[in-house]
Amino acid sequence: MGALGWLLDAQVQVAGSPVLVREIVGNVFGLVSALLGLRRLLWAWPVGMIGNALLLTVFLGGVFATPQAHDLYGQAGRQVFFFAVSVYGWWRWQRNRRADAGHAAVLPRWATGRERLALLLAAAVGTAAAYPVLAALGSWGPLPDAWILTGSLLATYGMARGWVEFWLVWIAVDAVGVPLLLRGGFYPSAVMYLVYGALCAWGFAAWWRTSRVTRPTVARTPTYTEAVA
């Protein structure tokens with residue numbers, strides 16, 4: 001198997017506990033994807049998909065023999081959904097770039113009131129629906145795992161649509177994910193969630209500024225005096 005076999009089996013010691021190299025590598029790919037997304041570059045999607053594939057093997061410990069004692073099925077499931085939503089995001093940004101003569105892959109904007117309401121409803125319904133499924137599967141920490149799964153999918157979809165708010169959804173996911181991952185012994189992922197949180201704050205500010213610059217101007221209705229002049 002060569003390099004692939006090494007990647008699947010290699011471990012390092014962190015604070016006296018074994019940590020899979022592929023967990024570290026998968027999170028690095030995720031961080032690079034987030035940085036590319038902040039810059040609104042098309043490569044954010046395929047790079048992130050590689051990280052998703054690696055992290056899927058990490059959170060399914062029973063299948064891929066990870067050193068952690070817990071299976072996080074919500075974390076594993078979100079890698080699969082990430083991959084699927086990333087295909088959509090990749091296609092959408094590519095289409096946008098072609099329409100814009102090869103320039104911006106996406107123009108950041110605030111979600112409309114209706115879109116925000118739909119996000120809130122999807123967050124509530126998705127978390128409520130995922131919780132009993134994850135609990136039945138024996139996922140460790142099924143309630144926070146359910147929110148992480150749902151919030152991550154919504155954030156990824158929001159990124160594909162170019163909504164500024166998607167960064168805030170990611171921050172909410174990170175706030176729940178860090179303590180869950182620390183308790184489960186997934187230390188590299190917990191550290192990367194902290195880094196993601198800081199990066200999301202930066203990305204939110206950057207996309208907010210860009211949305212103000214790219215906001216379409218609304219034509220002003222001329223006054224009667226101007227109209228007849």
# chains A, B, ... in the order shown; residues from 1 in each chain; ligands from 1
>>> residues_around(residues="Trp170 of chain A", least_positions_apart="3", cutoff="7 Å", atoms="only C-alpha atoms", output="PDB file with all heavy atoms, in the first residue's frame")
ATOM      1  N   SER A 152     -23.291  22.208  10.377  1.00  0.00           N
ATOM      2  CA  SER A 152     -22.234  22.133   9.373  1.00  0.00           C
ATOM      3  C   SER A 152     -22.813  22.099   7.959  1.00  0.00           C
ATOM      4  O   SER A 152     -22.291  22.751   7.046  1.00  0.00           O
ATOM      5  CB  SER A 152     -21.377  20.889   9.608  1.00  0.00           C
ATOM      6  OG  SER A 152     -20.730  20.950  10.861  1.00  0.00           O
ATOM      7  N   ALA A 155     -24.131  25.576   7.158  1.00  0.00           N
ATOM      8  CA  ALA A 155     -23.033  26.510   6.906  1.00  0.00           C
ATOM      9  C   ALA A 155     -22.430  26.277   5.518  1.00  0.00           C
ATOM     10  O   ALA A 155     -22.130  27.236   4.790  1.00  0.00           O
ATOM     11  CB  ALA A 155     -21.968  26.370   7.985  1.00  0.00           C
ATOM     12  N   PHE A 166     -23.120  32.572   6.906  1.00  0.00           N
ATOM     13  CA  PHE A 166     -22.652  31.194   7.061  1.00  0.00           C
ATOM     14  C   PHE A 166     -21.468  31.128   8.018  1.00  0.00           C
ATOM     15  O   PHE A 166     -21.268  30.127   8.710  1.00  0.00           O
ATOM     16  CB  PHE A 166     -22.320  30.577   5.702  1.00  0.00           C
ATOM     17  CG  PHE A 166     -20.884  30.683   5.274  1.00  0.00           C
ATOM     18  CD1 PHE A 166     -19.958  29.708   5.655  1.00  0.00           C
ATOM     19  CD2 PHE A 166     -20.450  31.728   4.476  1.00  0.00           C
ATOM     20  CE1 PHE A 166     -18.638  29.780   5.249  1.00  0.00           C
ATOM     21  CE2 PHE A 166     -19.137  31.806   4.066  1.00  0.00           C
ATOM     22  CZ  PHE A 166     -18.224  30.827   4.453  1.00  0.00           C
ATOM     23  N   TRP A 167     -20.685  32.210   8.097  1.00  0.00           N
ATOM     24  CA  TRP A 167     -19.557  32.236   9.042  1.00  0.00           C
ATOM     25  C   TRP A 167     -20.068  32.166  10.482  1.00  0.00           C
ATOM     26  O   TRP A 167     -19.433  31.538  11.346  1.00  0.00           O
ATOM     27  CB  TRP A 167     -18.728  33.495   8.838  1.00  0.00           C
ATOM     28  CG  TRP A 167     -18.009  33.566   7.518  1.00  0.00           C
ATOM     29  CD1 TRP A 167     -18.342  34.333   6.439  1.00  0.00           C
ATOM     30  CD2 TRP A 167     -16.832  32.834   7.131  1.00  0.00           C
ATOM     31  NE1 TRP A 167     -17.457  34.121   5.415  1.00  0.00           N
ATOM     32  CE2 TRP A 167     -16.517  33.219   5.809  1.00  0.00           C
ATOM     33  CE3 TRP A 167     -16.024  31.889   7.771  1.00  0.00           C
ATOM     34  CZ2 TRP A 167     -15.422  32.698   5.119  1.00  0.00           C
ATOM     35  CZ3 TRP A 167     -14.931  31.373   7.084  1.00  0.00           C
ATOM     36  CH2 TRP A 167     -14.639  31.785   5.778  1.00  0.00           C
ATOM     37  N   VAL A 173     -21.230  26.175  15.454  1.00  0.00           N
ATOM     38  CA  VAL A 173     -20.841  24.758  15.386  1.00  0.00           C
ATOM     39  C   VAL A 173     -19.556  24.528  16.173  1.00  0.00           C
ATOM     40  O   VAL A 173     -19.439  23.568  16.944  1.00  0.00           O
ATOM     41  CB  VAL A 173     -20.657  24.328  13.915  1.00  0.00           C
ATOM     42  CG1 VAL A 173     -19.984  22.958  13.825  1.00  0.00           C
ATOM     43  CG2 VAL A 173     -22.003  24.293  13.200  1.00  0.00           C
ATOM     44  N   ASP A 174     -18.587  25.414  15.996  1.00  0.00           N
ATOM     45  CA  ASP A 174     -17.306  25.275  16.692  1.00  0.00           C
ATOM     46  C   ASP A 174     -17.480  25.356  18.208  1.00  0.00           C
ATOM     47  O   ASP A 174     -16.813  24.633  18.963  1.00  0.00           O
ATOM     48  CB  ASP A 174     -16.332  26.368  16.239  1.00  0.00           C
ATOM     49  CG  ASP A 174     -15.950  26.225  14.766  1.00  0.00           C
ATOM     50  OD1 ASP A 174     -16.066  25.100  14.239  1.00  0.00           O
ATOM     51  OD2 ASP A 174     -15.540  27.226  14.160  1.00  0.00           O
ATOM     52  N   CYS A 200     -13.178  31.899  11.298  1.00  0.00           N
ATOM     53  CA  CYS A 200     -14.552  32.268  10.944  1.00  0.00           C
ATOM     54  C   CYS A 200     -14.847  33.723  11.301  1.00  0.00           C
ATOM     55  O   CYS A 200     -15.563  34.417  10.571  1.00  0.00           O
ATOM     56  CB  CYS A 200     -15.544  31.342  11.630  1.00  0.00           C
ATOM     57  SG  CYS A 200     -15.595  29.673  10.925  1.00  0.00           S
TER      58      CYS A 200
END
>>> residues_around(residues="Gly89 of chain A", least_positions_apart="4", cutoff="9 Å", atoms="only C-alpha atoms", output="PyMOL selection string")
chain A and resi 42+45+84-85+93-94+156-157+159-161
>>> write_last_selection(atoms="N, CA, C and O atoms", output="compact mmCIF listing (two decimals), in the first residue's frame")
# COMPACT_ATOMS: atom_id res chain seq x y z
N LEU A 42 -12.20 28.96 -6.02
CA LEU A 42 -12.90 27.74 -6.39
C LEU A 42 -12.27 26.49 -5.78
O LEU A 42 -12.97 25.51 -5.49
N TRP A 45 -13.43 24.00 -2.59
CA TRP A 45 -14.31 22.84 -2.57
C TRP A 45 -13.57 21.52 -2.74
O TRP A 45 -13.73 20.62 -1.90
N ALA A 84 -21.14 15.76 -0.51
CA ALA A 84 -22.24 15.96 -1.45
C ALA A 84 -22.54 17.44 -1.66
O ALA A 84 -22.70 17.90 -2.79
N VAL A 85 -22.62 18.19 -0.55
CA VAL A 85 -22.91 19.62 -0.67
C VAL A 85 -21.75 20.35 -1.34
O VAL A 85 -21.96 21.34 -2.07
N TRP A 93 -20.17 27.74 -7.74
CA TRP A 93 -19.13 28.76 -7.83
C TRP A 93 -18.50 28.77 -9.24
O TRP A 93 -18.16 29.83 -9.76
N GLN A 94 -18.34 27.59 -9.82
CA GLN A 94 -17.79 27.51 -11.17
C GLN A 94 -18.72 28.19 -12.17
O GLN A 94 -18.27 28.92 -13.07
N THR A 156 -22.26 25.02 5.15
CA THR A 156 -21.69 24.71 3.84
C THR A 156 -22.62 25.15 2.72
O THR A 156 -22.17 25.70 1.70
N TYR A 157 -23.92 24.93 2.91
CA TYR A 157 -24.89 25.39 1.91
C TYR A 157 -24.88 26.92 1.82
O TYR A 157 -24.92 27.49 0.73
N MET A 159 -22.39 28.88 2.44
CA MET A 159 -21.17 29.28 1.73
C MET A 159 -21.36 29.16 0.23
O MET A 159 -20.95 30.04 -0.54
N ALA A 160 -21.99 28.07 -0.21
CA ALA A 160 -22.25 27.89 -1.64
C ALA A 160 -23.13 29.00 -2.19
O ALA A 160 -22.95 29.44 -3.33
N ARG A 161 -24.09 29.46 -1.37
CA ARG A 161 -25.00 30.53 -1.81
C ARG A 161 -24.39 31.92 -1.67
O ARG A 161 -24.92 32.88 -2.21
>>> closest_residue(among="A:Val169, A:Leu180, A:Ala135, A:Leu107", to="Leu38 of chain A", atoms="only C-alpha atoms")
A:Leu107
>>> residues_around(residues="Phe83 of chain A", least_positions_apart="2", cutoff="8 Å", atoms="only C-alpha atoms", output="ChimeraX atom specification")
/A:49,52-53,79-81,85-87
>>> write_last_selection(atoms="N, CA and C atoms", output="compact mmCIF listing (two decimals), in the first residue's frame")
# COMPACT_ATOMS: atom_id res chain seq x y z
N MET A 49 -13.01 18.49 0.13
CA MET A 49 -13.53 17.14 -0.08
C MET A 49 -12.48 16.08 0.27
N ASN A 52 -12.62 15.80 3.94
CA ASN A 52 -13.82 15.05 4.35
C ASN A 52 -13.60 13.55 4.29
N ALA A 53 -12.97 13.08 3.21
CA ALA A 53 -12.74 11.65 3.04
C ALA A 53 -11.82 11.12 4.14
N GLN A 79 -19.29 14.32 7.20
CA GLN A 79 -18.26 14.28 6.16
C GLN A 79 -18.86 13.81 4.84
N VAL A 80 -19.79 12.84 4.92
CA VAL A 80 -20.46 12.35 3.72
C VAL A 80 -21.33 13.46 3.12
N PHE A 81 -22.12 14.13 3.97
CA PHE A 81 -22.97 15.20 3.47
C PHE A 81 -22.14 16.38 2.98
N VAL A 85 -22.62 18.19 -0.55
CA VAL A 85 -22.91 19.62 -0.67
C VAL A 85 -21.75 20.35 -1.34
N SER A 86 -20.54 19.86 -1.14
CA SER A 86 -19.37 20.49 -1.77
C SER A 86 -19.41 20.34 -3.28
N VAL A 87 -19.96 19.22 -3.76
CA VAL A 87 -20.13 19.06 -5.21
C VAL A 87 -21.04 20.16 -5.74
>>> residues_around(residues="Ala122 of chain A", least_positions_apart="3", cutoff="12 Å", atoms="only C-alpha atoms", output="ChimeraX atom specification")
/A:115-119,125-130,147,149-155,157
>>> write_last_selection(atoms="N, CA, C and O atoms", output="compact mmCIF listing (two decimals), in the first residue's frame")
# COMPACT_ATOMS: atom_id res chain seq x y z
N GLU A 115 -34.86 33.85 3.88
CA GLU A 115 -33.77 32.86 3.90
C GLU A 115 -33.28 32.61 5.33
O GLU A 115 -32.97 31.48 5.70
N ARG A 116 -33.22 33.68 6.13
CA ARG A 116 -32.79 33.51 7.53
C ARG A 116 -33.80 32.68 8.32
O ARG A 116 -33.42 31.82 9.12
N LEU A 117 -35.08 32.93 8.09
CA LEU A 117 -36.11 32.15 8.76
C LEU A 117 -36.01 30.68 8.35
O LEU A 117 -36.12 29.78 9.20
N ALA A 118 -35.76 30.44 7.06
CA ALA A 118 -35.61 29.06 6.60
C ALA A 118 -34.40 28.40 7.25
O ALA A 118 -34.45 27.21 7.61
N LEU A 119 -33.32 29.14 7.45
CA LEU A 119 -32.13 28.60 8.11
C LEU A 119 -32.44 28.19 9.55
O LEU A 119 -32.04 27.12 10.01
N VAL A 125 -35.31 21.80 13.00
CA VAL A 125 -35.86 20.53 12.52
C VAL A 125 -34.74 19.51 12.30
O VAL A 125 -34.86 18.33 12.66
N GLY A 126 -33.64 19.96 11.71
CA GLY A 126 -32.54 19.05 11.44
C GLY A 126 -31.93 18.47 12.70
O GLY A 126 -31.65 17.27 12.78
N THR A 127 -31.74 19.31 13.71
CA THR A 127 -31.17 18.84 14.98
C THR A 127 -32.12 17.87 15.67
O THR A 127 -31.70 16.82 16.18
N ALA A 128 -33.41 18.24 15.67
CA ALA A 128 -34.40 17.37 16.31
C ALA A 128 -34.52 16.02 15.60
O ALA A 128 -34.72 14.98 16.24
N ALA A 129 -34.39 16.01 14.28
CA ALA A 129 -34.50 14.77 13.53
C ALA A 129 -33.24 13.92 13.66
O ALA A 129 -33.31 12.68 13.71
N ALA A 130 -32.08 14.56 13.71
CA ALA A 130 -30.82 13.82 13.77
C ALA A 130 -30.57 13.22 15.14
O ALA A 130 -29.94 12.15 15.25
N TRP A 147 -26.43 18.69 16.44
CA TRP A 147 -26.31 20.10 16.04
C TRP A 147 -25.11 20.30 15.14
O TRP A 147 -25.17 21.03 14.15
N LEU A 149 -23.75 18.20 13.10
CA LEU A 149 -24.10 17.68 11.78
C LEU A 149 -24.98 18.66 11.03
O LEU A 149 -24.70 19.05 9.89
N THR A 150 -26.07 19.11 11.68
CA THR A 150 -27.02 20.01 11.02
C THR A 150 -26.41 21.36 10.72
O THR A 150 -26.52 21.89 9.60
N GLY A 151 -25.74 21.95 11.71
CA GLY A 151 -25.15 23.27 11.52
C GLY A 151 -24.08 23.27 10.45
O GLY A 151 -23.97 24.23 9.66
N SER A 152 -23.29 22.21 10.38
CA SER A 152 -22.23 22.13 9.37
C SER A 152 -22.81 22.10 7.96
O SER A 152 -22.29 22.75 7.05
N LEU A 153 -23.89 21.34 7.79
CA LEU A 153 -24.52 21.27 6.47
C LEU A 153 -25.10 22.63 6.07
O LEU A 153 -24.97 23.07 4.93
N LEU A 154 -25.74 23.30 7.03
CA LEU A 154 -26.32 24.61 6.73
C LEU A 154 -25.24 25.64 6.42
O LEU A 154 -25.41 26.47 5.52
N ALA A 155 -24.13 25.58 7.16
CA ALA A 155 -23.03 26.51 6.91
C ALA A 155 -22.43 26.28 5.52
O ALA A 155 -22.13 27.24 4.79
N TYR A 157 -23.92 24.93 2.91
CA TYR A 157 -24.89 25.39 1.91
C TYR A 157 -24.88 26.92 1.82
O TYR A 157 -24.92 27.49 0.73
>>> residues_around(residues="Ala175 of chain A", least_positions_apart="4", cutoff="8 Å", atoms="only C-alpha atoms", output="compact mmCIF listing (two decimals) with N, CA and C atoms, in the first residue's frame")
# COMPACT_ATOMS: atom_id res chain seq x y z
N ILE A 171 -19.28 29.39 13.55
CA ILE A 171 -18.84 29.73 14.91
C ILE A 171 -19.70 29.00 15.93
N PRO A 179 -15.77 21.34 23.01
CA PRO A 179 -15.85 20.50 24.22
C PRO A 179 -16.19 19.05 23.94
N GLY A 197 -12.69 28.65 14.58
CA GLY A 197 -13.49 29.71 15.18
C GLY A 197 -12.88 31.08 14.95
